[in-house]
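Some notes on the structure that comes next.
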Amino acid sequence: MSPDLSGGGRALALIDQVMDQRPDKDDAALARCARELCVYRDALILRQRSAPTDSAARLRLSHLNAVLAVVLAVHFPIDAVPWDELTKARDWLAELCAQETSTAA
Amino acid sequence: MPSLGATFGRGAATMALWDLQNSDCVVVMGSNMAENHPIGFRFVVEAQRRGAKLIHIDPRFTRTSALADIHAPIRSGSDIAFLGGLIHYVLENDLWFRDYALNYTNLAHIISGEYVDSEDNEGLFSGFDPVTKTYDHDSWQYQDKAVPPLTDPTLQHQNCVYQILKRHYARYTPEQVEQVTGCPKETFLKVAETIARNSGRERTTAVCYAVGWTHHSYGVQIIRAAALFQALMGNMGRPGGGIMALRGHVSIQGSTDIPTLYNMLPGYLDQPNLFAGHAALEDYLRLKTASTGWWANLPKYVVSLLKAWYGEAATADNQWGFQFLPKLTSDASQEPMTLSMAHGVVKGQFILGQNPLVGAVNSELVESGLGKLEWLVVRDFAMTETADFWRNGRRVQKGEASPEQIGTEVFFLPASMPGEKEGSVTNTSRLVQWHDWVCDAPGDSRSDLWFMYHLGLKLKALYADSDLTRDRAIQALTWDYPTKGAHREPEAEEVLKEINGWTVADRKQIAAFTGLKADGSTASGCWIYTGIYPEAGKNLARSRVPDAPDGPGSHAGWAYAWPANRRTLYNRASADPAGKPWSERKKMIWWDDAQGRWTGLDVPDFVPDKRPDYRPDWSKSPGGMDAISGAEPFMMEPTGRAMIFTPSGIKDGPLPTYYEPVESPTRNAFHAQQASPTVHIWDVPGNALHPPEDPRFPYVLTTYRLTEMHCGGVPTRVMPHTAELQPEAFVEISPELAQALGIKNLDWTVLSTLRSEIEVKALVTERMRPFKINGKTVHQVGMPWVFGWKGYTSGAVANALLAITGDSNTSIHTTKALTCNVRAGRLKVDQRQVAS
């Protein structure tokens, strides 16, 4: 079974939706975004397990975990909502998705 | 207990259970102590035998009420209105302990002119951001942020804490208390008069509470209200006075001291938070270390903890291993994690000593989340509903899920019972008691210590060859406890030795936390426990030497109470500013001028040789304990005083103010702000809330435990002799409501919320009474939450009805005050819960 990498693109669109709603916090979109990131994460894990020595794939998984951590931080903030970090995380995710596109091409 | 921490300096019960017998008045509120803490309650009974008054303030008439001198009924969730009424009463009638409160609290401190009280702003304090629903605390600080704070001992300054307090509670009159809580004004006044009569130089009152206070969307503020009231009345740090936080399980106190909580490190050190600037140890220490008071010692405790955990791998060059610690980025408490499970974020879960399918709110959402996990490990000594969720869960029984669809791999591992392992429990009095191994557990049952230790060994082996930075923490972790026996059981006392701490160079046990250092020369797993194993072969938790009948009564030879084996926290406050006991009858600690030391009936909670007339020389910018005078007993606070007003440390306001529960049958009579503005609400499918005054859900629902059922019920439901004592689930309904709904005793009823519906038999009883709230009758029903589908006794899971919400300080759920509907009859056959 080939990994389903489409979750990344959908998550990116949802982060954009969340950022458009700022400063209001769109919990429903954040929940959907977390789900899509998990779909993407599962795909990267699958790929990592099929090629354990692929350090680039491992790095991509690490970056995706960082994105997921920030999305959770916005969904469940301890104090103020970390919007600036979400902006950065959005760019990381965009970069990851672009890498997937270029790899596929 | 952030409320007790913010008010007094430590988040723990301030007195020993047995000291309740020295109380002149015991107030039990937010607890059914006689039934749920029966062992501790004997000291209340002894106090009564000695002439004390017992007051029970509770929605239900329970066995605690039956033994009380006064039972004051209040609607669930209206506690702050009642406590605010008490504060109003003693202020208006000048019944507070002036000499105590003026000297030992921040009553005279002057608050910033930018501060706006919630009474002047429709229930919102200054600094509120309506978008993020959080407060900026800047306007809550002392005027000019002066150190020491500016004061007005005459209490006339309009922005001194006393004047703010008076204005804040001006509307909490006995009439308003009756309107909001439903407690008759005459009963309320009787309570207020009784407490006032039993507080002061000669007499003390104690307050006991349990999760009846904590399990609200503003639970921290309820406890805050009681804390500041007790400080005002001079009932802290004195014999028979204090706040007895009754912990719900045998070692819950221990599990916050050495925490299972996501946001704390052992000894009440904050877990570093990446978004709070804690990326490096230097920054963490700079931001978290207080300049004045005892917490100026924080670096010693943090570095010693890192040395205990990471040993030789913790060096000055690598910030003592600070980067091995995970850094917080989000709220990772139980409620967000439950929701995250359903979203697929969480892959696996260990459950030890819990049964969330019964004990966690919105149990069907929990069940849905468990079904999304890849793996689940449950350790218990009998099959629990949680481990059985995939086969007989509520969603499975209702046809909403099936074992074939659930991919979670469940591991159920048998656990040892207390007599089958050695170790310690820390009870509600901060008392750490050692218990010995008695016999081997049957079959494959193992202790939790065995499980964690061997799991750790396997993880270390798995990551031993990794060259990834993120795996360094597991590699660096010291995990070298000696084992014994065929099963290689770790030596529990070796763990306790590490918790106590030792000098790194020679592994010599450290006798007191004053011996800990920030230079890497000492290691300690939990600084507040230092002293429990002060020298080789001396486990003070094992000590069992009670005082003789004519002894001091602190029972210092019985086990070990943190910190420093003190039984009563803040006991410097038992003496007046000059160091003399407030009265002979209530003496505990006093200054011995000849010896130049504090002495008395307990271990002094103060610098042993600091004279009562010591005053800081502020011209020299003193720091740490040098900034605390000899007459300021609350030395964990930066000012050495109890915080009537909390400029920092509490997220939802510097003073408790009244809000309705998130689900309420009535409007807030105090102001337009209906519910706490900072409460955590997660609007996700399956977790809908009822709006205020929702006619579909007109009744107040509260949940509680039973004496006969322990914790989540399984330990007692699987035992025939305890199961038969509570043969089935029930809902308690007043005769008035039963008549209105056509329900007779033992009839089936259906309870419903937007989360779920359950069926349960009615127990029609006068223990439940209707209330008159804001001019209309409000009915309340109550149901034990301890039933499930496993064991000899089964019954509906009450928590299926509840929603996931969170107190803004702790994210704790609301289980004591929500709304529901009740109807006569049963559910459809396919919706009923079946025992298995």
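FYI, nothing fancy with the structure tokens labels: chains A, B, ... in order, residues from 1 per chain, ligands from 1 as they appear.
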Set out as JSON lines a contact list for chain A and chain B with a cut-off of 12 Å, giving each residue of chain A that qualifies its closest atom pair and distance in Å to one decimal, counting only C-alpha atoms, ordered by chain and rising residue number.
```
{"residue": "A:Gln21", "atom": "CA", "partner": "B:Val131", "partner_atom": "CA", "distance": 11.0}
{"residue": "A:Arg22", "atom": "CA", "partner": "B:Val131", "partner_atom": "CA", "distance": 9.0}
{"residue": "A:Pro23", "atom": "CA", "partner": "B:Val131", "partner_atom": "CA", "distance": 6.2}
{"residue": "A:Asp24", "atom": "CA", "partner": "B:Val131", "partner_atom": "CA", "distance": 5.8}
{"residue": "A:Lys25", "atom": "CA", "partner": "B:Thr132", "partner_atom": "CA", "distance": 7.7}
{"residue": "A:Asp26", "atom": "CA", "partner": "B:Asp683", "partner_atom": "CA", "distance": 9.6}
{"residue": "A:Asp27", "atom": "CA", "partner": "B:Asp683", "partner_atom": "CA", "distance": 6.9}
{"residue": "A:Ala28", "atom": "CA", "partner": "B:Val684", "partner_atom": "CA", "distance": 6.5}
{"residue": "A:Ala29", "atom": "CA", "partner": "B:Val684", "partner_atom": "CA", "distance": 10.2}
{"residue": "A:Leu30", "atom": "CA", "partner": "B:His343", "partner_atom": "CA", "distance": 10.1}
{"residue": "A:Ala31", "atom": "CA", "partner": "B:His343", "partner_atom": "CA", "distance": 6.7}
{"residue": "A:Arg32", "atom": "CA", "partner": "B:His343", "partner_atom": "CA", "distance": 7.7}
{"residue": "A:Cys33", "atom": "CA", "partner": "B:His343", "partner_atom": "CA", "distance": 9.1}
{"residue": "A:Ala34", "atom": "CA", "partner": "B:His343", "partner_atom": "CA", "distance": 6.5}
{"residue": "A:Arg35", "atom": "CA", "partner": "B:His343", "partner_atom": "CA", "distance": 5.1}
{"residue": "A:Glu36", "atom": "CA", "partner": "B:His343", "partner_atom": "CA", "distance": 8.9}
{"residue": "A:Leu37", "atom": "CA", "partner": "B:Val345", "partner_atom": "CA", "distance": 8.5}
{"residue": "A:Cys38", "atom": "CA", "partner": "B:Val345", "partner_atom": "CA", "distance": 6.1}
{"residue": "A:Val39", "atom": "CA", "partner": "B:Gly344", "partner_atom": "CA", "distance": 8.3}
{"residue": "A:Tyr40", "atom": "CA", "partner": "B:Gly344", "partner_atom": "CA", "distance": 11.1}
{"residue": "A:Arg41", "atom": "CA", "partner": "B:Val345", "partner_atom": "CA", "distance": 9.4}
{"residue": "A:Asp42", "atom": "CA", "partner": "B:Gly344", "partner_atom": "CA", "distance": 9.7}
{"residue": "A:Ser55", "atom": "CA", "partner": "B:Leu468", "partner_atom": "CA", "distance": 10.8}
{"residue": "A:Arg58", "atom": "CA", "partner": "B:Leu468", "partner_atom": "CA", "distance": 10.6}
{"residue": "A:Leu59", "atom": "CA", "partner": "B:Leu468", "partner_atom": "CA", "distance": 10.8}
{"residue": "A:Ser62", "atom": "CA", "partner": "B:Arg470", "partner_atom": "CA", "distance": 10.1}
{"residue": "A:Asn65", "atom": "CA", "partner": "B:Val345", "partner_atom": "CA", "distance": 10.1}
{"residue": "A:Ala66", "atom": "CA", "partner": "B:Thr329", "partner_atom": "CA", "distance": 10.1}
{"residue": "A:Val67", "atom": "CA", "partner": "B:Thr329", "partner_atom": "CA", "distance": 11.4}
{"residue": "A:Leu68", "atom": "CA", "partner": "B:Val345", "partner_atom": "CA", "distance": 8.5}
{"residue": "A:Ala69", "atom": "CA", "partner": "B:Thr329", "partner_atom": "CA", "distance": 7.0}
{"residue": "A:Val70", "atom": "CA", "partner": "B:Thr329", "partner_atom": "CA", "distance": 7.1}
{"residue": "A:Val71", "atom": "CA", "partner": "B:Ser330", "partner_atom": "CA", "distance": 9.1}
{"residue": "A:Leu72", "atom": "CA", "partner": "B:Ser330", "partner_atom": "CA", "distance": 6.3}
{"residue": "A:Ala73", "atom": "CA", "partner": "B:Ser330", "partner_atom": "CA", "distance": 4.2}
{"residue": "A:Val74", "atom": "CA", "partner": "B:Ser330", "partner_atom": "CA", "distance": 7.5}
{"residue": "A:His75", "atom": "CA", "partner": "B:Ser330", "partner_atom": "CA", "distance": 8.1}
{"residue": "A:Phe76", "atom": "CA", "partner": "B:Asp331", "partner_atom": "CA", "distance": 5.3}
{"residue": "A:Pro77", "atom": "CA", "partner": "B:Ser330", "partner_atom": "CA", "distance": 5.0}
{"residue": "A:Ile78", "atom": "CA", "partner": "B:Asp331", "partner_atom": "CA", "distance": 5.0}
{"residue": "A:Asp79", "atom": "CA", "partner": "B:Thr134", "partner_atom": "CA", "distance": 7.3}
{"residue": "A:Ala80", "atom": "CA", "partner": "B:Thr132", "partner_atom": "CA", "distance": 6.9}
{"residue": "A:Val81", "atom": "CA", "partner": "B:Thr132", "partner_atom": "CA", "distance": 7.0}
{"residue": "A:Pro82", "atom": "CA", "partner": "B:Phe275", "partner_atom": "CA", "distance": 7.5}
{"residue": "A:Trp83", "atom": "CA", "partner": "B:Phe275", "partner_atom": "CA", "distance": 10.9}
{"residue": "A:Asp84", "atom": "CA", "partner": "B:Phe275", "partner_atom": "CA", "distance": 10.5}
{"residue": "A:Glu85", "atom": "CA", "partner": "B:Phe275", "partner_atom": "CA", "distance": 8.9}
{"residue": "A:Leu86", "atom": "CA", "partner": "B:Thr329", "partner_atom": "CA", "distance": 11.8}
```
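If you count only C-alpha atoms and ignore residues fewer than 3 places along the chain from Thr62 (chain B), what sits within 7 Å of it is Asn32, Ser65, Ala66 and Arg767 of chain B.
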| message | I need the residues of region 669-784 of chain B that end up classed as strand (DSSP E) by DSSP on the backbone, written out as JSON, numbers by chain. | response | {"B": [680, 681, 699, 700, 701, 702, 703, 704, 730, 731, 732, 733, 748, 749, 750, 751, 752, 757, 758, 759, 760, 761, 762, 763, 764, 771, 772, 773, 776, 777, 778, 780, 781, 782, 783, 784]}
| field | Shell of 7 Å around region 90-97 of chain A, only C-alpha atoms, local chain residues under 2 positions omitted, as an NGL selection string | value | :A and (8-9 or 12 or 15 or 60 or 64 or 67 or 86-88 or 99-101)
Keeping only all heavy atoms, write the selected residues as a compact mmCIF listing (two decimals), in the first residue's frame.
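The result, written out as selection_5.txt:
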```
# COMPACT_ATOMS: atom_id res chain seq x y z
N GLY A 8 -1.32 16.29 4.11
CA GLY A 8 -0.51 17.49 4.30
C GLY A 8 -1.13 18.70 3.63
O GLY A 8 -1.24 19.78 4.23
N GLY A 9 -1.55 18.54 2.40
CA GLY A 9 -2.17 19.65 1.67
C GLY A 9 -3.46 20.11 2.32
O GLY A 9 -3.72 21.32 2.44
N LEU A 12 -2.67 22.02 5.40
CA LEU A 12 -2.17 23.36 5.08
C LEU A 12 -3.34 24.31 4.81
O LEU A 12 -3.35 25.46 5.31
CB LEU A 12 -1.25 23.28 3.86
CG LEU A 12 -0.46 24.53 3.50
CD1 LEU A 12 0.46 24.95 4.64
CD2 LEU A 12 0.35 24.30 2.22
N ILE A 15 -4.87 25.22 8.10
CA ILE A 15 -4.09 26.21 8.87
C ILE A 15 -4.36 27.60 8.30
O ILE A 15 -4.53 28.58 9.05
CB ILE A 15 -2.59 25.87 8.83
CG1 ILE A 15 -2.30 24.62 9.66
CG2 ILE A 15 -1.76 27.05 9.39
CD1 ILE A 15 -0.83 24.20 9.69
N ARG A 60 11.94 14.76 7.71
CA ARG A 60 10.60 15.27 7.35
C ARG A 60 9.59 14.89 8.43
O ARG A 60 8.72 15.68 8.78
CB ARG A 60 10.17 14.73 5.98
CG ARG A 60 10.79 15.50 4.82
CD ARG A 60 9.97 15.35 3.55
NE ARG A 60 10.16 14.05 2.93
CZ ARG A 60 11.15 13.75 2.11
NH1 ARG A 60 12.07 14.66 1.81
NH2 ARG A 60 11.25 12.56 1.58
N LEU A 64 7.36 17.40 10.66
CA LEU A 64 5.89 17.30 10.73
C LEU A 64 5.43 17.21 12.19
O LEU A 64 4.42 17.81 12.56
CB LEU A 64 5.41 16.08 9.95
CG LEU A 64 3.89 15.90 10.00
CD1 LEU A 64 3.18 17.10 9.38
CD2 LEU A 64 3.47 14.63 9.30
N VAL A 67 5.25 20.60 13.51
CA VAL A 67 4.05 21.30 13.03
C VAL A 67 2.84 20.87 13.86
O VAL A 67 2.03 21.70 14.30
CB VAL A 67 3.81 21.01 11.53
CG1 VAL A 67 2.47 21.60 11.08
CG2 VAL A 67 4.95 21.57 10.69
N LEU A 86 2.49 29.60 14.89
CA LEU A 86 1.66 28.94 13.86
C LEU A 86 2.05 29.43 12.46
O LEU A 86 2.05 28.65 11.51
CB LEU A 86 0.17 29.18 14.13
CG LEU A 86 -0.76 28.40 13.20
CD1 LEU A 86 -0.62 26.88 13.43
CD2 LEU A 86 -2.23 28.81 13.39
N THR A 87 2.38 30.71 12.39
CA THR A 87 2.82 31.24 11.09
C THR A 87 4.07 30.49 10.62
O THR A 87 4.16 30.08 9.46
CB THR A 87 3.13 32.75 11.22
OG1 THR A 87 1.98 33.39 11.75
CG2 THR A 87 3.49 33.35 9.88
N LYS A 88 4.99 30.29 11.56
CA LYS A 88 6.21 29.55 11.20
C LYS A 88 5.88 28.11 10.84
O LYS A 88 6.39 27.56 9.85
CB LYS A 88 7.20 29.56 12.37
CG LYS A 88 7.81 30.90 12.68
CD LYS A 88 8.75 30.76 13.88
CE LYS A 88 8.90 32.10 14.57
NZ LYS A 88 9.41 31.98 15.94
N GLN A 99 8.22 19.77 -0.90
CA GLN A 99 9.24 18.71 -1.07
C GLN A 99 8.59 17.43 -1.60
O GLN A 99 9.15 16.76 -2.47
CB GLN A 99 9.92 18.42 0.27
CG GLN A 99 10.93 19.47 0.68
CD GLN A 99 11.43 19.23 2.10
OE1 GLN A 99 11.07 18.23 2.73
NE2 GLN A 99 12.22 20.15 2.60
N GLU A 100 7.43 17.12 -1.08
CA GLU A 100 6.74 15.91 -1.54
C GLU A 100 6.40 16.03 -3.02
O GLU A 100 6.58 15.09 -3.80
CB GLU A 100 5.45 15.69 -0.74
CG GLU A 100 5.63 15.43 0.74
CD GLU A 100 6.42 14.17 1.04
OE1 GLU A 100 6.67 13.37 0.12
OE2 GLU A 100 6.81 14.02 2.21
N THR A 101 5.94 17.24 -3.39
CA THR A 101 5.56 17.45 -4.79
C THR A 101 6.77 17.30 -5.71
O THR A 101 6.73 16.64 -6.74
CB THR A 101 4.95 18.87 -4.96
OG1 THR A 101 3.91 19.01 -4.00
CG2 THR A 101 4.38 19.06 -6.36
```
Which polymer residues have any atom within 10 Å of an atom of Thr292 (chain B), counting only C-alpha atoms, with same-chain residues fewer than 2 positions away left out, as a compact mmCIF listing (two decimals) with all heavy atoms, in the first residue's frame?
```
# COMPACT_ATOMS: atom_id res chain seq x y z
N VAL B 147 9.12 46.98 45.47
CA VAL B 147 9.63 45.93 46.35
C VAL B 147 10.35 46.61 47.51
O VAL B 147 11.34 47.32 47.29
CB VAL B 147 10.60 44.99 45.62
CG1 VAL B 147 11.15 43.94 46.58
CG2 VAL B 147 9.93 44.35 44.42
N PRO B 148 9.88 46.50 48.74
CA PRO B 148 8.65 45.79 49.12
C PRO B 148 7.42 46.59 48.69
O PRO B 148 7.53 47.80 48.43
CB PRO B 148 8.75 45.74 50.65
CG PRO B 148 9.53 46.97 51.00
CD PRO B 148 10.52 47.15 49.90
N THR B 289 12.79 31.95 39.21
CA THR B 289 13.34 32.11 40.57
C THR B 289 12.86 33.43 41.17
O THR B 289 13.05 34.50 40.58
CB THR B 289 14.88 32.09 40.53
OG1 THR B 289 15.30 30.89 39.87
CG2 THR B 289 15.45 32.10 41.95
N ALA B 290 12.24 33.33 42.34
CA ALA B 290 11.78 34.53 43.03
C ALA B 290 12.99 35.26 43.61
O ALA B 290 13.96 34.64 44.05
CB ALA B 290 10.81 34.16 44.14
N TRP B 294 11.47 32.07 50.06
CA TRP B 294 12.16 30.79 49.99
C TRP B 294 12.41 30.31 48.57
O TRP B 294 13.38 29.61 48.29
CB TRP B 294 11.36 29.73 50.76
CG TRP B 294 12.20 28.51 51.02
CD1 TRP B 294 12.30 27.40 50.24
CD2 TRP B 294 13.11 28.32 52.10
NE1 TRP B 294 13.21 26.51 50.77
CE2 TRP B 294 13.72 27.06 51.92
CE3 TRP B 294 13.49 29.09 53.21
CZ2 TRP B 294 14.67 26.57 52.81
CZ3 TRP B 294 14.42 28.59 54.09
CH2 TRP B 294 15.01 27.34 53.88
N TRP B 295 11.52 30.67 47.65
CA TRP B 295 11.70 30.19 46.29
C TRP B 295 12.92 30.80 45.59
O TRP B 295 13.23 30.46 44.45
CB TRP B 295 10.44 30.41 45.46
CG TRP B 295 9.41 29.34 45.67
CD1 TRP B 295 8.19 29.50 46.25
CD2 TRP B 295 9.51 27.95 45.32
NE1 TRP B 295 7.51 28.30 46.29
CE2 TRP B 295 8.30 27.33 45.72
CE3 TRP B 295 10.49 27.17 44.72
CZ2 TRP B 295 8.06 25.97 45.53
CZ3 TRP B 295 10.25 25.81 44.52
CH2 TRP B 295 9.05 25.23 44.93
N ALA B 296 13.63 31.66 46.28
CA ALA B 296 14.92 32.11 45.75
C ALA B 296 15.90 30.94 45.67
O ALA B 296 16.92 31.01 44.97
CB ALA B 296 15.49 33.21 46.64
N ASN B 297 15.57 29.85 46.38
CA ASN B 297 16.43 28.65 46.35
C ASN B 297 16.15 27.74 45.17
O ASN B 297 16.75 26.66 45.06
CB ASN B 297 16.21 27.84 47.64
CG ASN B 297 16.72 28.56 48.87
OD1 ASN B 297 17.90 28.88 48.93
ND2 ASN B 297 15.84 28.84 49.82
N SER B 621 18.94 46.25 49.31
CA SER B 621 18.28 45.36 48.34
C SER B 621 18.42 43.89 48.74
O SER B 621 19.03 43.09 48.00
CB SER B 621 18.86 45.57 46.94
OG SER B 621 18.70 46.89 46.54
N PRO B 622 17.89 43.50 49.87
CA PRO B 622 18.05 42.10 50.29
C PRO B 622 17.32 41.14 49.36
O PRO B 622 16.31 41.50 48.75
CB PRO B 622 17.41 42.10 51.69
CG PRO B 622 16.42 43.22 51.64
CD PRO B 622 17.02 44.26 50.76
N GLY B 623 17.84 39.94 49.28
CA GLY B 623 17.20 38.90 48.45
C GLY B 623 16.91 37.67 49.27
O GLY B 623 17.34 37.54 50.43
N GLY B 624 16.16 36.73 48.67
CA GLY B 624 15.86 35.46 49.33
C GLY B 624 15.21 35.66 50.68
O GLY B 624 14.38 36.56 50.88
N MET B 625 15.63 34.87 51.65
CA MET B 625 15.02 34.94 52.98
C MET B 625 15.44 36.18 53.75
O MET B 625 14.80 36.54 54.74
CB MET B 625 15.35 33.67 53.76
CG MET B 625 14.59 32.45 53.29
SD MET B 625 12.80 32.69 53.36
CE MET B 625 12.54 32.74 55.12
N ASP B 626 16.50 36.84 53.31
CA ASP B 626 16.90 38.09 53.97
C ASP B 626 15.83 39.17 53.77
O ASP B 626 15.79 40.15 54.52
CB ASP B 626 18.23 38.60 53.40
CG ASP B 626 19.39 37.71 53.82
OD1 ASP B 626 19.20 36.92 54.78
OD2 ASP B 626 20.45 37.80 53.20
N ALA B 627 14.99 38.97 52.76
CA ALA B 627 13.94 39.96 52.49
C ALA B 627 12.66 39.68 53.28
O ALA B 627 11.69 40.44 53.17
CB ALA B 627 13.63 39.97 50.99
N ILE B 628 12.66 38.61 54.02
CA ILE B 628 11.47 38.24 54.80
C ILE B 628 11.74 38.58 56.26
O ILE B 628 12.74 38.12 56.84
CB ILE B 628 11.16 36.73 54.66
CG1 ILE B 628 10.99 36.35 53.19
CG2 ILE B 628 9.91 36.35 55.47
CD1 ILE B 628 9.85 37.02 52.46
N MET B 635 6.65 32.21 54.37
CA MET B 635 7.95 32.50 53.76
C MET B 635 8.10 31.96 52.34
O MET B 635 9.05 32.30 51.66
CB MET B 635 9.06 31.91 54.63
CG MET B 635 8.99 30.41 54.77
SD MET B 635 10.34 29.82 55.80
CE MET B 635 10.09 28.06 55.66
N MET B 636 7.16 31.12 51.89
CA MET B 636 7.22 30.66 50.51
C MET B 636 6.73 31.75 49.56
O MET B 636 6.95 31.68 48.35
CB MET B 636 6.40 29.39 50.31
CG MET B 636 6.74 28.24 51.22
SD MET B 636 8.46 27.72 51.14
CE MET B 636 8.53 26.98 49.51
N GLU B 637 6.00 32.72 50.08
CA GLU B 637 5.52 33.83 49.26
C GLU B 637 6.60 34.91 49.18
O GLU B 637 7.32 35.12 50.17
CB GLU B 637 4.24 34.42 49.87
CG GLU B 637 3.04 33.49 49.86
CD GLU B 637 2.45 33.32 48.46
OE1 GLU B 637 2.98 33.91 47.51
OE2 GLU B 637 1.46 32.58 48.34
N PRO B 638 6.69 35.62 48.07
CA PRO B 638 7.75 36.63 47.94
C PRO B 638 7.68 37.71 49.00
O PRO B 638 8.70 38.32 49.35
CB PRO B 638 7.50 37.22 46.55
CG PRO B 638 6.73 36.18 45.81
CD PRO B 638 5.92 35.45 46.84
N THR B 639 6.49 37.97 49.55
CA THR B 639 6.36 39.00 50.59
C THR B 639 6.32 38.41 51.99
O THR B 639 6.24 39.16 52.97
CB THR B 639 5.07 39.81 50.38
OG1 THR B 639 3.96 38.90 50.45
CG2 THR B 639 5.06 40.52 49.04
N GLY B 640 6.31 37.09 52.10
CA GLY B 640 6.22 36.46 53.41
C GLY B 640 4.83 36.50 54.01
O GLY B 640 4.64 36.15 55.18
```
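Secondary structure of region 501-543 of chain B, helix (DSSP H, G or I) only (DSSP, backbone atoms): Phe513, Thr514, Gly515, Trp527, Ile528, Tyr529, Leu540, Ala541 and Arg542 of chain B.
Residue nearest Thr805 (chain B) within the list B:Pro727, B:Gly596, B:Pro661, B:Pro2: B:Pro661 [criterion: smallest interatomic distance, only C-alpha atoms].
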| request: Please identify all polymer residues within 9 Å of region 14-30 of chain B, counting only C-alpha atoms, omitting same-chain residues fewer than 5 positions from it, and present them as number ranges by chain. | output: B: 4, 40-58, 64, 79, 194-195, 198-199, 203-214, 236-245, 428-431, 553-554, 567-570, 586
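The spacing separating CA of Asp317 (chain B) from CA of Arg507 (chain B) amounts to 22.0 Å.
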| Distance query region 496-500 of chain B at most 12 Å, only C-alpha atoms, self and fewer than 6 positions along chain excluded, as a ChimeraX atom specification | /B:257-258,266-267,301,304-311,422-425,432-434,449,478-481,490,507-513,515-516,522-542,560,562-564
| request: Tell me, as a PyMOL selection string, which residues lie within 9 Å of region 752-759 of chain B, counting only C-alpha atoms; anything in the same chain fewer than 4 positions away does not count. | output: chain B and resi 362+364-365+686-690+696-697+748+795-798+800-803+819-823+825-827+831-833
Expected file contents, prior selection, C-alpha atoms, as an mmCIF file, in the first residue's frame:
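Contents of out_7.cif, as written:
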```
data_model
loop_
_atom_site.group_PDB
_atom_site.id
_atom_site.type_symbol
_atom_site.label_atom_id
_atom_site.label_comp_id
_atom_site.auth_asym_id
_atom_site.auth_seq_id
_atom_site.Cartn_x
_atom_site.Cartn_y
_atom_site.Cartn_z
ATOM 1 C CA ASN B 362 -18.079 12.135 28.666
ATOM 2 C CA GLU B 364 -18.508 7.793 25.260
ATOM 3 C CA LEU B 365 -16.080 10.357 23.849
ATOM 4 C CA GLY B 686 -20.316 14.766 20.984
ATOM 5 C CA ASN B 687 -19.460 17.385 23.584
ATOM 6 C CA ALA B 688 -22.276 19.936 23.227
ATOM 7 C CA LEU B 689 -23.188 22.073 26.240
ATOM 8 C CA HIS B 690 -26.616 23.180 27.440
ATOM 9 C CA ARG B 696 -34.927 20.844 27.798
ATOM 10 C CA PHE B 697 -32.556 20.293 30.722
ATOM 11 C CA TRP B 748 -36.932 3.258 36.295
ATOM 12 C CA GLY B 795 -25.237 0.015 36.729
ATOM 13 C CA ALA B 796 -25.303 2.955 34.376
ATOM 14 C CA VAL B 797 -22.137 5.017 33.923
ATOM 15 C CA ALA B 798 -23.096 8.472 35.193
ATOM 16 C CA ALA B 800 -21.694 9.309 30.086
ATOM 17 C CA LEU B 801 -23.912 12.326 30.781
ATOM 18 C CA LEU B 802 -21.124 14.785 31.465
ATOM 19 C CA ALA B 803 -19.257 17.139 29.139
ATOM 20 C CA THR B 819 -27.910 20.226 34.014
ATOM 21 C CA CYS B 820 -29.974 17.310 32.795
ATOM 22 C CA ASN B 821 -33.486 16.099 32.159
ATOM 23 C CA VAL B 822 -35.242 13.294 34.033
ATOM 24 C CA ARG B 823 -38.219 11.296 32.853
ATOM 25 C CA GLY B 825 -39.527 4.996 32.124
ATOM 26 C CA ARG B 826 -36.754 3.124 30.370
ATOM 27 C CA LEU B 827 -34.547 3.387 27.326
ATOM 28 C CA GLN B 831 -29.869 1.459 24.122
ATOM 29 C CA ARG B 832 -29.633 -0.188 27.525
ATOM 30 C CA GLN B 833 -26.371 -1.041 29.217
#
```
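Compared by their closest atoms to Glu119 (chain B), and using only C-alpha atoms, the residues B:Ala13, B:Ala225, B:Leu468, B:Leu655 rank with B:Leu655 nearest.
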